[in-house]
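> I am sharing work.cif, which consists of mmCIF, C-alpha atoms and all ligand atoms; chains and numbers go by the auth columns:
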```cif
data_data
#
loop_
_atom_site.group_PDB
_atom_site.id
_atom_site.type_symbol
_atom_site.label_atom_id
_atom_site.label_comp_id
_atom_site.label_asym_id
_atom_site.label_seq_id
_atom_site.Cartn_x
_atom_site.Cartn_y
_atom_site.Cartn_z
_atom_site.B_iso_or_equiv
_atom_site.auth_seq_id
_atom_site.auth_asym_id
ATOM 1 C CA MET A 1 76.277 -71.632 -126.954 0.00 1 A
ATOM 2 C CA LYS A 2 78.749 -69.366 -125.258 0.00 2 A
ATOM 3 C CA LYS A 3 79.191 -66.055 -127.003 0.00 3 A
ATOM 4 C CA SER A 4 81.969 -63.481 -126.855 0.00 4 A
ATOM 5 C CA LYS A 5 81.186 -59.919 -125.756 0.00 5 A
ATOM 6 C CA ASP A 6 80.500 -58.723 -129.289 0.00 6 A
ATOM 7 C CA GLY A 7 77.878 -61.476 -129.701 0.00 7 A
ATOM 8 C CA SER A 8 79.830 -63.745 -132.049 0.00 8 A
ATOM 9 C CA PRO A 9 80.168 -67.408 -131.147 0.00 9 A
ATOM 10 C CA ALA A 10 83.140 -68.200 -128.972 0.00 10 A
ATOM 11 C CA PRO A 11 85.895 -70.073 -130.836 0.00 11 A
ATOM 12 C CA LYS A 12 85.967 -73.841 -130.281 0.00 12 A
ATOM 13 C CA GLY A 13 89.004 -75.850 -129.333 0.00 13 A
ATOM 14 C CA PRO A 14 90.097 -79.183 -130.768 0.00 14 A
ATOM 15 C CA ASP A 15 87.728 -80.848 -128.317 0.00 15 A
ATOM 16 C CA GLY A 16 84.789 -78.915 -129.825 0.00 16 A
ATOM 17 C CA ALA A 17 84.178 -76.976 -126.575 0.00 17 A
ATOM 18 C CA ALA A 18 83.981 -73.224 -126.437 0.00 18 A
ATOM 19 C CA HIS A 19 87.179 -71.496 -125.272 0.00 19 A
ATOM 20 C CA GLY A 20 88.792 -68.141 -125.514 0.00 20 A
ATOM 21 C CA ASN A 21 87.605 -64.670 -124.682 0.00 21 A
ATOM 22 C CA SER A 22 84.587 -65.723 -122.762 0.00 22 A
ATOM 23 C CA GLN A 23 86.687 -67.773 -120.334 0.00 23 A
ATOM 24 C CA ILE A 24 89.260 -65.017 -119.921 0.00 24 A
ATOM 25 C CA ASP A 25 86.648 -62.320 -119.582 0.00 25 A
ATOM 26 C CA ASP A 26 84.733 -64.281 -117.035 0.00 26 A
ATOM 27 C CA GLY A 27 87.737 -65.721 -115.182 0.00 27 A
ATOM 28 C CA VAL A 28 89.444 -62.475 -114.081 0.00 28 A
ATOM 29 C CA PRO A 29 89.315 -62.163 -110.318 0.00 29 A
ATOM 30 C CA GLY A 30 87.095 -59.460 -108.966 0.00 30 A
ATOM 31 C CA GLY A 31 84.692 -59.742 -111.862 0.00 31 A
ATOM 32 C CA GLN A 32 86.798 -57.454 -114.088 0.00 32 A
ATOM 33 C CA THR A 33 86.633 -57.830 -117.824 0.00 33 A
ATOM 34 C CA ARG A 34 89.842 -58.674 -119.647 0.00 34 A
ATOM 35 C CA ARG A 35 90.074 -55.127 -120.964 0.00 35 A
ATOM 36 C CA GLU A 36 89.629 -53.673 -117.488 0.00 36 A
ATOM 37 C CA PHE A 37 92.249 -56.068 -116.092 0.00 37 A
ATOM 38 C CA ILE A 38 94.815 -55.128 -118.751 0.00 38 A
ATOM 39 C CA ALA A 39 94.142 -51.427 -118.238 0.00 39 A
ATOM 40 C CA THR A 40 94.632 -51.795 -114.465 0.00 40 A
ATOM 41 C CA ALA A 41 97.863 -53.801 -114.884 0.00 41 A
ATOM 42 C CA ALA A 42 99.271 -51.187 -117.268 0.00 42 A
ATOM 43 C CA ALA A 43 98.483 -48.392 -114.817 0.00 43 A
ATOM 44 C CA VAL A 44 100.184 -50.253 -111.937 0.00 44 A
ATOM 45 C CA GLY A 45 103.244 -50.940 -114.119 0.00 45 A
ATOM 46 C CA ALA A 46 103.542 -47.291 -115.040 0.00 46 A
ATOM 47 C CA GLY A 47 103.283 -46.335 -111.378 0.00 47 A
ATOM 48 C CA LEU A 48 106.083 -48.731 -110.423 0.00 48 A
ATOM 49 C CA ALA A 49 108.294 -47.359 -113.162 0.00 49 A
ATOM 50 C CA LEU A 50 107.809 -43.832 -111.815 0.00 50 A
ATOM 51 C CA THR A 51 108.653 -44.852 -108.248 0.00 51 A
ATOM 52 C CA GLY A 52 111.844 -46.627 -109.283 0.00 52 A
ATOM 53 C CA GLY A 53 110.759 -50.252 -109.390 0.00 53 A
ATOM 54 C CA LEU A 54 109.231 -52.848 -107.160 0.00 54 A
ATOM 55 C CA GLY A 55 112.378 -53.602 -105.103 0.00 55 A
ATOM 56 C CA GLU A 56 113.089 -50.023 -104.126 0.00 56 A
ATOM 57 C CA HIS A 57 109.477 -49.295 -103.395 0.00 57 A
ATOM 58 C CA THR A 58 109.212 -52.348 -101.163 0.00 58 A
ATOM 59 C CA GLU A 59 112.415 -51.524 -99.337 0.00 59 A
ATOM 60 C CA ALA A 60 111.301 -47.971 -98.681 0.00 60 A
ATOM 61 C CA ALA A 61 108.015 -49.241 -97.332 0.00 61 A
ATOM 62 C CA GLU A 62 109.855 -51.638 -95.019 0.00 62 A
ATOM 63 C CA VAL A 63 112.095 -48.895 -93.658 0.00 63 A
ATOM 64 C CA VAL A 64 109.129 -46.662 -93.005 0.00 64 A
ATOM 65 C CA ASN A 65 107.175 -49.445 -91.332 0.00 65 A
ATOM 66 C CA ASP A 66 110.069 -50.774 -89.250 0.00 66 A
ATOM 67 C CA PRO A 67 109.950 -49.027 -85.852 0.00 67 A
ATOM 68 C CA SER A 68 113.550 -50.070 -85.124 0.00 68 A
ATOM 69 C CA ALA A 69 114.858 -48.309 -88.264 0.00 69 A
ATOM 70 C CA VAL A 70 117.125 -45.434 -87.181 0.00 70 A
ATOM 71 C CA LYS A 71 118.360 -42.745 -89.486 0.00 71 A
ATOM 72 C CA VAL A 72 122.146 -42.467 -89.111 0.00 72 A
ATOM 73 C CA GLN A 73 123.627 -39.035 -89.679 0.00 73 A
ATOM 74 C CA VAL A 74 127.193 -39.381 -90.993 0.00 74 A
ATOM 75 C CA PRO A 75 129.201 -36.307 -89.933 0.00 75 A
ATOM 76 C CA THR A 76 130.906 -34.438 -92.753 0.00 76 A
ATOM 77 C CA PRO A 77 134.679 -34.241 -92.130 0.00 77 A
ATOM 78 C CA PRO A 78 136.165 -30.759 -92.097 0.00 78 A
ATOM 79 C CA THR A 79 137.639 -29.765 -95.424 0.00 79 A
ATOM 80 C CA SER A 80 140.357 -27.635 -93.857 0.00 80 A
ATOM 81 C CA VAL A 81 141.933 -27.099 -90.452 0.00 81 A
ATOM 82 C CA ALA A 82 144.298 -24.456 -89.133 0.00 82 A
ATOM 83 C CA VAL A 83 147.684 -25.987 -88.345 0.00 83 A
ATOM 84 C CA GLU A 84 150.587 -24.231 -86.626 0.00 84 A
ATOM 85 C CA LEU A 85 153.945 -25.509 -87.814 0.00 85 A
ATOM 86 C CA HIS A 86 157.371 -24.538 -86.474 0.00 86 A
ATOM 87 C CA VAL A 87 159.623 -24.751 -89.500 0.00 87 A
ATOM 88 C CA ASN A 88 163.205 -23.512 -89.689 0.00 88 A
ATOM 89 C CA ASP A 89 162.799 -21.413 -86.520 0.00 89 A
ATOM 90 C CA LYS A 90 159.672 -19.705 -87.851 0.00 90 A
ATOM 91 C CA VAL A 91 156.081 -20.281 -86.806 0.00 91 A
ATOM 92 C CA GLU A 92 153.686 -20.616 -89.714 0.00 92 A
ATOM 93 C CA MET A 93 149.910 -21.011 -89.617 0.00 93 A
ATOM 94 C CA VAL A 94 148.486 -22.861 -92.586 0.00 94 A
ATOM 95 C CA LYS A 95 144.905 -23.825 -93.397 0.00 95 A
ATOM 96 C CA ILE A 96 145.052 -27.251 -94.932 0.00 96 A
ATOM 97 C CA ASP A 97 143.029 -30.355 -95.592 0.00 97 A
ATOM 98 C CA PRO A 98 143.722 -32.585 -92.556 0.00 98 A
ATOM 99 C CA ARG A 99 144.909 -35.299 -94.947 0.00 99 A
ATOM 100 C CA THR A 100 147.728 -33.117 -96.321 0.00 100 A
ATOM 101 C CA SER A 101 151.145 -34.741 -96.005 0.00 101 A
ATOM 102 C CA LEU A 102 153.913 -32.827 -94.284 0.00 102 A
ATOM 103 C CA LEU A 103 155.786 -32.745 -97.593 0.00 103 A
ATOM 104 C CA ASP A 104 152.848 -31.142 -99.414 0.00 104 A
ATOM 105 C CA ALA A 105 152.317 -28.660 -96.570 0.00 105 A
ATOM 106 C CA LEU A 106 155.963 -27.594 -96.813 0.00 106 A
ATOM 107 C CA ARG A 107 156.090 -27.406 -100.591 0.00 107 A
ATOM 108 C CA GLU A 108 152.594 -26.306 -101.594 0.00 108 A
ATOM 109 C CA TYR A 109 151.509 -24.139 -98.662 0.00 109 A
ATOM 110 C CA MET A 110 154.783 -22.754 -97.302 0.00 110 A
ATOM 111 C CA GLY A 111 156.858 -22.453 -100.469 0.00 111 A
ATOM 112 C CA LEU A 112 159.695 -24.586 -99.092 0.00 112 A
ATOM 113 C CA THR A 113 160.435 -26.535 -102.249 0.00 113 A
ATOM 114 C CA GLY A 114 163.875 -27.780 -101.199 0.00 114 A
ATOM 115 C CA SER A 115 162.378 -31.042 -99.963 0.00 115 A
ATOM 116 C CA LYS A 116 161.618 -33.102 -103.037 0.00 116 A
ATOM 117 C CA LYS A 117 158.834 -35.470 -103.976 0.00 117 A
ATOM 118 C CA GLY A 118 160.517 -38.426 -105.612 0.00 118 A
ATOM 119 C CA CYS A 119 158.161 -41.331 -105.105 0.00 119 A
ATOM 120 C CA ASP A 120 155.548 -40.093 -102.572 0.00 120 A
ATOM 121 C CA HIS A 121 155.617 -43.642 -101.176 0.00 121 A
ATOM 122 C CA GLY A 122 158.468 -43.671 -98.643 0.00 122 A
ATOM 123 C CA GLN A 123 160.872 -45.434 -100.955 0.00 123 A
ATOM 124 C CA CYS A 124 163.409 -42.861 -102.159 0.00 124 A
ATOM 125 C CA GLY A 125 164.164 -40.520 -99.251 0.00 125 A
ATOM 126 C CA ALA A 126 164.064 -37.360 -101.402 0.00 126 A
ATOM 127 C CA CYS A 127 161.521 -35.831 -98.994 0.00 127 A
ATOM 128 C CA THR A 128 163.607 -36.381 -95.831 0.00 128 A
ATOM 129 C CA VAL A 129 163.363 -33.604 -93.236 0.00 129 A
ATOM 130 C CA LEU A 130 164.330 -33.397 -89.576 0.00 130 A
ATOM 131 C CA VAL A 131 161.745 -33.327 -86.789 0.00 131 A
ATOM 132 C CA ASP A 132 163.282 -32.555 -83.400 0.00 132 A
ATOM 133 C CA GLY A 133 166.618 -33.627 -84.910 0.00 133 A
ATOM 134 C CA LYS A 134 165.343 -36.999 -86.179 0.00 134 A
ATOM 135 C CA ARG A 135 165.004 -37.772 -89.879 0.00 135 A
ATOM 136 C CA ILE A 136 161.624 -38.722 -91.303 0.00 136 A
ATOM 137 C CA ASN A 137 160.077 -39.188 -94.731 0.00 137 A
ATOM 138 C CA SER A 138 157.754 -36.207 -94.912 0.00 138 A
ATOM 139 C CA CYS A 139 155.670 -37.762 -97.706 0.00 139 A
ATOM 140 C CA LEU A 140 154.509 -40.515 -95.372 0.00 140 A
ATOM 141 C CA THR A 141 153.089 -38.431 -92.580 0.00 141 A
ATOM 142 C CA PHE A 142 150.339 -35.882 -91.999 0.00 142 A
ATOM 143 C CA ALA A 143 151.276 -32.273 -91.289 0.00 143 A
ATOM 144 C CA VAL A 144 148.666 -32.007 -88.511 0.00 144 A
ATOM 145 C CA MET A 145 150.701 -34.513 -86.469 0.00 145 A
ATOM 146 C CA TYR A 146 153.642 -32.128 -86.152 0.00 146 A
ATOM 147 C CA GLN A 147 152.169 -29.104 -84.437 0.00 147 A
ATOM 148 C CA GLY A 148 154.612 -27.887 -81.807 0.00 148 A
ATOM 149 C CA LYS A 149 157.512 -29.966 -83.196 0.00 149 A
ATOM 150 C CA LYS A 150 160.704 -28.414 -84.494 0.00 150 A
ATOM 151 C CA ILE A 151 160.851 -29.098 -88.218 0.00 151 A
ATOM 152 C CA THR A 152 164.042 -28.437 -90.154 0.00 152 A
ATOM 153 C CA THR A 153 164.233 -28.592 -93.931 0.00 153 A
ATOM 154 C CA ILE A 154 167.252 -28.179 -96.179 0.00 154 A
ATOM 155 C CA GLU A 155 166.536 -24.433 -96.263 0.00 155 A
ATOM 156 C CA GLY A 156 166.856 -24.263 -92.490 0.00 156 A
ATOM 157 C CA LEU A 157 170.240 -25.964 -92.256 0.00 157 A
ATOM 158 C CA THR A 158 172.127 -22.897 -93.444 0.00 158 A
ATOM 159 C CA ASP A 159 173.105 -20.172 -91.046 0.00 159 A
ATOM 160 C CA GLY A 160 172.289 -17.134 -93.129 0.00 160 A
ATOM 161 C CA ASP A 161 174.581 -17.399 -96.129 0.00 161 A
ATOM 162 C CA VAL A 162 176.856 -19.897 -94.408 0.00 162 A
ATOM 163 C CA LEU A 163 176.333 -23.505 -95.469 0.00 163 A
ATOM 164 C CA HIS A 164 175.882 -26.261 -92.900 0.00 164 A
ATOM 165 C CA PRO A 165 179.077 -28.387 -92.691 0.00 165 A
ATOM 166 C CA MET A 166 177.238 -31.266 -94.389 0.00 166 A
ATOM 167 C CA GLN A 167 176.105 -29.023 -97.243 0.00 167 A
ATOM 168 C CA ALA A 168 179.664 -27.733 -97.691 0.00 168 A
ATOM 169 C CA ALA A 169 181.028 -31.280 -97.656 0.00 169 A
ATOM 170 C CA PHE A 170 178.610 -32.406 -100.374 0.00 170 A
ATOM 171 C CA VAL A 171 179.890 -29.552 -102.539 0.00 171 A
ATOM 172 C CA LYS A 172 183.506 -30.327 -101.734 0.00 172 A
ATOM 173 C CA TYR A 173 183.281 -34.090 -102.396 0.00 173 A
ATOM 174 C CA ASP A 174 180.939 -33.979 -105.405 0.00 174 A
ATOM 175 C CA GLY A 175 178.121 -35.646 -103.484 0.00 175 A
ATOM 176 C CA PHE A 176 175.612 -34.934 -106.257 0.00 176 A
ATOM 177 C CA GLN A 177 175.049 -34.621 -109.971 0.00 177 A
ATOM 178 C CA CYS A 178 171.504 -33.526 -110.879 0.00 178 A
ATOM 179 C CA GLY A 179 170.854 -32.572 -107.255 0.00 179 A
ATOM 180 C CA TYR A 180 167.304 -33.902 -107.035 0.00 180 A
ATOM 181 C CA CYS A 181 168.009 -36.293 -104.191 0.00 181 A
ATOM 182 C CA THR A 182 170.523 -34.002 -102.490 0.00 182 A
ATOM 183 C CA PRO A 183 168.305 -32.102 -100.004 0.00 183 A
ATOM 184 C CA GLY A 184 167.005 -35.435 -98.721 0.00 184 A
ATOM 185 C CA GLN A 185 170.504 -36.929 -98.662 0.00 185 A
ATOM 186 C CA ILE A 186 171.891 -34.027 -96.628 0.00 186 A
ATOM 187 C CA CYS A 187 169.007 -33.949 -94.123 0.00 187 A
ATOM 188 C CA SER A 188 169.259 -37.717 -93.804 0.00 188 A
ATOM 189 C CA ALA A 189 173.020 -37.558 -93.253 0.00 189 A
ATOM 190 C CA VAL A 190 172.618 -34.956 -90.498 0.00 190 A
ATOM 191 C CA GLY A 191 169.941 -37.076 -88.820 0.00 191 A
ATOM 192 C CA MET A 192 172.028 -40.201 -89.247 0.00 192 A
ATOM 193 C CA LEU A 193 175.009 -38.656 -87.443 0.00 193 A
ATOM 194 C CA ASN A 194 172.669 -37.667 -84.583 0.00 194 A
ATOM 195 C CA GLU A 195 171.456 -41.279 -84.385 0.00 195 A
ATOM 196 C CA ALA A 196 174.992 -42.662 -84.351 0.00 196 A
ATOM 197 C CA LYS A 197 175.967 -40.231 -81.598 0.00 197 A
ATOM 198 C CA ALA A 198 172.924 -41.291 -79.590 0.00 198 A
ATOM 199 C CA GLY A 199 174.090 -44.923 -79.757 0.00 199 A
ATOM 200 C CA CYS A 200 171.623 -46.285 -82.310 0.00 200 A
ATOM 201 C CA MET A 201 172.896 -49.488 -83.918 0.00 201 A
ATOM 202 C CA SER A 202 172.330 -50.574 -87.501 0.00 202 A
ATOM 203 C CA ALA A 203 171.885 -53.891 -89.292 0.00 203 A
ATOM 204 C CA VAL A 204 175.638 -54.107 -89.917 0.00 204 A
ATOM 205 C CA THR A 205 176.906 -53.029 -86.498 0.00 205 A
ATOM 206 C CA PRO A 206 179.206 -55.913 -85.491 0.00 206 A
ATOM 207 C CA ASP A 207 179.198 -55.374 -81.717 0.00 207 A
ATOM 208 C CA LEU A 208 175.839 -54.420 -80.222 0.00 208 A
ATOM 209 C CA SER A 209 177.291 -54.140 -76.709 0.00 209 A
ATOM 210 C CA CYS A 210 179.186 -50.940 -77.590 0.00 210 A
ATOM 211 C CA ALA A 211 177.706 -47.659 -76.426 0.00 211 A
ATOM 212 C CA THR A 212 178.330 -46.118 -79.847 0.00 212 A
ATOM 213 C CA ALA A 213 178.948 -47.699 -83.208 0.00 213 A
ATOM 214 C CA GLN A 214 182.030 -46.799 -85.141 0.00 214 A
ATOM 215 C CA LEU A 215 180.998 -45.142 -88.393 0.00 215 A
ATOM 216 C CA THR A 216 182.772 -47.223 -90.990 0.00 216 A
ATOM 217 C CA GLU A 217 181.988 -46.901 -94.699 0.00 217 A
ATOM 218 C CA ALA A 218 179.773 -49.996 -94.430 0.00 218 A
ATOM 219 C CA GLU A 219 177.893 -48.388 -91.526 0.00 219 A
ATOM 220 C CA ILE A 220 177.393 -45.160 -93.462 0.00 220 A
ATOM 221 C CA ARG A 221 176.166 -46.966 -96.573 0.00 221 A
ATOM 222 C CA GLU A 222 173.746 -49.092 -94.553 0.00 222 A
ATOM 223 C CA ARG A 223 172.420 -46.157 -92.534 0.00 223 A
ATOM 224 C CA MET A 224 171.944 -44.081 -95.705 0.00 224 A
ATOM 225 C CA SER A 225 170.333 -46.908 -97.671 0.00 225 A
ATOM 226 C CA GLY A 226 166.904 -45.294 -97.454 0.00 226 A
ATOM 227 C CA ASN A 227 168.094 -42.430 -99.656 0.00 227 A
ATOM 228 C CA LEU A 228 168.378 -43.348 -103.303 0.00 228 A
ATOM 229 C CA CYS A 229 170.420 -41.451 -105.867 0.00 229 A
ATOM 230 C CA ARG A 230 169.530 -42.113 -109.486 0.00 230 A
ATOM 231 C CA CYS A 231 172.725 -40.393 -110.598 0.00 231 A
ATOM 232 C CA GLY A 232 174.781 -42.855 -108.582 0.00 232 A
ATOM 233 C CA ALA A 233 176.670 -40.185 -106.648 0.00 233 A
ATOM 234 C CA TYR A 234 177.176 -42.564 -103.744 0.00 234 A
ATOM 235 C CA PRO A 235 181.011 -42.451 -103.574 0.00 235 A
ATOM 236 C CA GLY A 236 180.942 -38.660 -103.158 0.00 236 A
ATOM 237 C CA ILE A 237 178.050 -38.841 -100.675 0.00 237 A
ATOM 238 C CA VAL A 238 179.930 -41.336 -98.498 0.00 238 A
ATOM 239 C CA GLU A 239 183.127 -39.265 -98.626 0.00 239 A
ATOM 240 C CA ALA A 240 181.220 -36.126 -97.651 0.00 240 A
ATOM 241 C CA ILE A 241 179.616 -37.841 -94.661 0.00 241 A
ATOM 242 C CA LYS A 242 182.907 -39.393 -93.569 0.00 242 A
ATOM 243 C CA SER A 243 184.577 -35.996 -93.618 0.00 243 A
ATOM 244 C CA VAL A 244 181.885 -34.466 -91.396 0.00 244 A
ATOM 245 C CA ALA A 245 181.869 -37.480 -89.074 0.00 245 A
ATOM 246 C CA GLY A 246 185.671 -37.285 -88.842 0.00 246 A
ATOM 247 C CA VAL A 247 186.295 -40.895 -89.881 0.00 247 A
HETATM 248 S S1 LIG B . 159.138 -38.833 -101.804 0.00 301 A
HETATM 249 FE FE1 LIG B . 159.127 -39.469 -99.764 0.00 301 A
HETATM 250 S S2 LIG B . 160.316 -41.262 -99.777 0.00 301 A
HETATM 251 FE FE2 LIG B . 160.186 -40.729 -101.872 0.00 301 A
HETATM 252 S S1 LIG B . 172.249 -36.429 -107.641 0.00 302 A
HETATM 253 FE FE1 LIG B . 170.800 -36.928 -109.140 0.00 302 A
HETATM 254 S S2 LIG B . 169.486 -38.277 -108.092 0.00 302 A
HETATM 255 FE FE2 LIG B . 171.088 -37.968 -106.731 0.00 302 A
#
```
What would the structure in this file look like if it were written as structure tokens?


Amino acid sequence: MKKSKDGSPAPKGPDGAAHGNSQIDDGVPGGQTRREFIATAAAVGAGLALTGGLGEHTEAAEVVNDPSAVKVQVPTPPTSVAVELHVNDKVEMVKIDPRTSLLDALREYMGLTGSKKGCDHGQCGACTVLVDGKRINSCLTFAVMYQGKKITTIEGLTDGDVLHPMQAAFVKYDGFQCGYCTPGQICSAVGMLNEAKAGCMSAVTPDLSCATAQLTEAEIRERMSGNLCRCGAYPGIVEAIKSVAGV
């Protein structure tokens, strides 16, 4: 009769044959007893848990054993760069994150808070400034792209204490209420007149063969449509621009 390790008879199955511990004890590969097998399995499991699991361990082993595996060093981008900006006839050196928008560089690093952040998405025009006489949305562009360019903000349009003609016209024709959009409106209007003088056409210009478009009210409204005014001061804005344009 088969006996278990402690000498007692091995339990019999429904067929009357001996089963149980003796089979398990004897059937473990490598001649291990059941107890030894369980102890070994537990130790291996604990080891895997400490190394972070079977998958990770296997992967690490593959990387180490793969001769074609190359360690890629990803360069760390600079956190700040020195940028020289020519703003309102002054040269300023600022140390900024290269991802800083021109609007943030002007407002946060140079203290020029006239340009406003309305939407920060290129939709309202409150951040409009002039670069080499052309209007741009400063929230949509990086400051590092404008080194060596001539940047003009609303603060730079005045001549000392004397207002720019467009600024004076906005005051005269009530071209604002709360004033939040006004710096962008004025810079945009100055840039728009430069564009019209240079012969740029708009979506409503009736005759594209003309060298210059006549600045009608419809032309002015279309060309200024990128500058929103939540106060609805549009009639005054259009009158102010017409007076400066002489139409
Ligand atoms: S803040 Fe730049 S377009 Fe609105
Ligand atoms: S004046 Fe208030 S948003 Fe234009």

> Would you list the residues that come within 8 Å of ligand LIG 301 (chain A)? Count only C-alpha atoms and all ligand atoms and give the answer as an MDAnalysis selection string.

chainID A and resid 103 116:128 137:140 227

> Using only C-alpha atoms, please write the residues we just selected to a file, as a PDB file, in the coordinates of the input.


```pdb
ATOM      1  CA  LEU A 103     155.786 -32.745 -97.593  1.00  0.00           C
ATOM      2  CA  LYS A 116     161.618 -33.102-103.037  1.00  0.00           C
ATOM      3  CA  LYS A 117     158.834 -35.470-103.976  1.00  0.00           C
ATOM      4  CA  GLY A 118     160.517 -38.426-105.612  1.00  0.00           C
ATOM      5  CA  CYS A 119     158.161 -41.331-105.105  1.00  0.00           C
ATOM      6  CA  ASP A 120     155.548 -40.093-102.572  1.00  0.00           C
ATOM      7  CA  HIS A 121     155.617 -43.642-101.176  1.00  0.00           C
ATOM      8  CA  GLY A 122     158.468 -43.671 -98.643  1.00  0.00           C
ATOM      9  CA  GLN A 123     160.872 -45.434-100.955  1.00  0.00           C
ATOM     10  CA  CYS A 124     163.409 -42.861-102.159  1.00  0.00           C
ATOM     11  CA  GLY A 125     164.164 -40.520 -99.251  1.00  0.00           C
ATOM     12  CA  ALA A 126     164.064 -37.360-101.402  1.00  0.00           C
ATOM     13  CA  CYS A 127     161.521 -35.831 -98.994  1.00  0.00           C
ATOM     14  CA  THR A 128     163.607 -36.381 -95.831  1.00  0.00           C
ATOM     15  CA  ASN A 137     160.077 -39.188 -94.731  1.00  0.00           C
ATOM     16  CA  SER A 138     157.754 -36.207 -94.912  1.00  0.00           C
ATOM     17  CA  CYS A 139     155.670 -37.762 -97.706  1.00  0.00           C
ATOM     18  CA  LEU A 140     154.509 -40.515 -95.372  1.00  0.00           C
ATOM     19  CA  ASN A 227     168.094 -42.430 -99.656  1.00  0.00           C
TER      20      ASN A 227
END
```

> Just checking: using all atoms listed in the file, which residue out of A:Cys178, A:Val244, A:Ala168, A:Cys187 ends up closest to Thr153 of chain A?

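When distances to Thr153 of chain A are compared using all atoms listed in the file, the smallest one comes from A:Cys187.
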
> How many Å lie between atom CA of Gly184 of chain A and atom CA of Pro98 of chain A, rounded to one decimal?

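So the answer is 24.3 Å.
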
> Evaluated on this file, the PyMOL selection byres (((chain A and resi 99) around 8) and not hetatm) picks out some residues - which ones are they, written as a list in words?

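Here the PyMOL selection byres (((chain A and resi 99) around 8) and not hetatm) matches Asp97, Pro98, Thr100, Ser101, Phe142 and Ala143 of chain A.
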
> In terms of the shortest atom-to-atom distance over all atoms listed in the file, which of A:Pro235, A:Pro206, A:Gly199, A:Gly246 is closest to ligand LIG 302 (chain A)?

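Closest to ligand LIG 302 (chain A) of all the choices is A:Pro235.
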
> May I have a table of the residues of chain A lying at most 10 Å from ligand LIG 302 (chain A), giving each one's closest pair of atoms and their distance in Å to one decimal, counting all atoms listed in the file, ordered by chain and ascending residue number, as JSON lines?


```
{"residue": "A:Gly118", "atom": "CA", "partner": "A:LIG302", "partner_atom": "S2", "distance": 9.3}
{"residue": "A:Cys124", "atom": "CA", "partner": "A:LIG302", "partner_atom": "S2", "distance": 9.7}
{"residue": "A:Ala126", "atom": "CA", "partner": "A:LIG302", "partner_atom": "S2", "distance": 8.7}
{"residue": "A:Asp174", "atom": "CA", "partner": "A:LIG302", "partner_atom": "S1", "distance": 9.3}
{"residue": "A:Gly175", "atom": "CA", "partner": "A:LIG302", "partner_atom": "S1", "distance": 7.2}
{"residue": "A:Phe176", "atom": "CA", "partner": "A:LIG302", "partner_atom": "S1", "distance": 3.9}
{"residue": "A:Gln177", "atom": "CA", "partner": "A:LIG302", "partner_atom": "S1", "distance": 4.1}
{"residue": "A:Cys178", "atom": "CA", "partner": "A:LIG302", "partner_atom": "FE1", "distance": 3.9}
{"residue": "A:Gly179", "atom": "CA", "partner": "A:LIG302", "partner_atom": "S1", "distance": 4.1}
{"residue": "A:Tyr180", "atom": "CA", "partner": "A:LIG302", "partner_atom": "S2", "distance": 5.0}
{"residue": "A:Cys181", "atom": "CA", "partner": "A:LIG302", "partner_atom": "FE2", "distance": 4.3}
{"residue": "A:Thr182", "atom": "CA", "partner": "A:LIG302", "partner_atom": "FE2", "distance": 5.8}
{"residue": "A:Pro183", "atom": "CA", "partner": "A:LIG302", "partner_atom": "FE2", "distance": 9.3}
{"residue": "A:Gly184", "atom": "CA", "partner": "A:LIG302", "partner_atom": "FE2", "distance": 9.3}
{"residue": "A:Gln185", "atom": "CA", "partner": "A:LIG302", "partner_atom": "FE2", "distance": 8.2}
{"residue": "A:Asn227", "atom": "CA", "partner": "A:LIG302", "partner_atom": "FE2", "distance": 8.9}
{"residue": "A:Leu228", "atom": "CA", "partner": "A:LIG302", "partner_atom": "FE2", "distance": 6.9}
{"residue": "A:Cys229", "atom": "CA", "partner": "A:LIG302", "partner_atom": "FE2", "distance": 3.7}
{"residue": "A:Arg230", "atom": "CA", "partner": "A:LIG302", "partner_atom": "S2", "distance": 4.1}
{"residue": "A:Cys231", "atom": "CA", "partner": "A:LIG302", "partner_atom": "FE1", "distance": 4.2}
{"residue": "A:Gly232", "atom": "CA", "partner": "A:LIG302", "partner_atom": "FE2", "distance": 6.4}
{"residue": "A:Ala233", "atom": "CA", "partner": "A:LIG302", "partner_atom": "S1", "distance": 5.9}
{"residue": "A:Tyr234", "atom": "CA", "partner": "A:LIG302", "partner_atom": "FE2", "distance": 8.2}
{"residue": "A:Ile237", "atom": "CA", "partner": "A:LIG302", "partner_atom": "FE2", "distance": 9.3}
```

> Could you work out an axis-aligned bounding box for all listed atoms of segment 134-145 of chain A, with 3 Å added on each of the six sides, and give its centre and edge lengths in Å to one decimal, as AutoDock Vina command-line options?


```
--center_x 157.0 --center_y -36.3 --center_z -91.9 --size_x 22.7 --size_y 14.5 --size_z 17.5
```

> Distance atom CA of Gln167 of chain A-atom CA of Gly236 of chain A, one decimal place?

12.3 Å

> So how many Å separate atom CA of Tyr146 of chain A and atom CA of Gly114 of chain A, to one decimal?

18.7 Å

> Evaluate the PyMOL selection byres (((chain A and resi 221) around 10) and not hetatm) on the structure here and hand back the selected residues as a list in words.

Val204, Leu215, Thr216, Glu217, Ala218, Glu219, Ile220, Glu222, Arg223, Met224, Ser225, Gly226, Asn227, Tyr234, Pro235, Ile237, Val238 and Ile241 of chain A

> Would you pick out the contacts of segment 110-112 of chain A at 9 Å or less, using all atoms listed in the file, so that residues sharing its chain but fewer than 5 positions from it are not included, and give the list as a ChimeraX atom specification?

/A:92,94,104-105,153-155

> I need the chosen residues saved as a JSON list (two decimals), keeping the file's coordinate frame, with C-alpha atoms.


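Output file again-v9.json follows:
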```
[["chain", "number", "residue", "atom", "x", "y", "z"],
["A", 92, "GLU", "CA", 153.69, -20.62, -89.71],
["A", 94, "VAL", "CA", 148.49, -22.86, -92.59],
["A", 104, "ASP", "CA", 152.85, -31.14, -99.41],
["A", 105, "ALA", "CA", 152.32, -28.66, -96.57],
["A", 153, "THR", "CA", 164.23, -28.59, -93.93],
["A", 154, "ILE", "CA", 167.25, -28.18, -96.18],
["A", 155, "GLU", "CA", 166.54, -24.43, -96.26]]
```
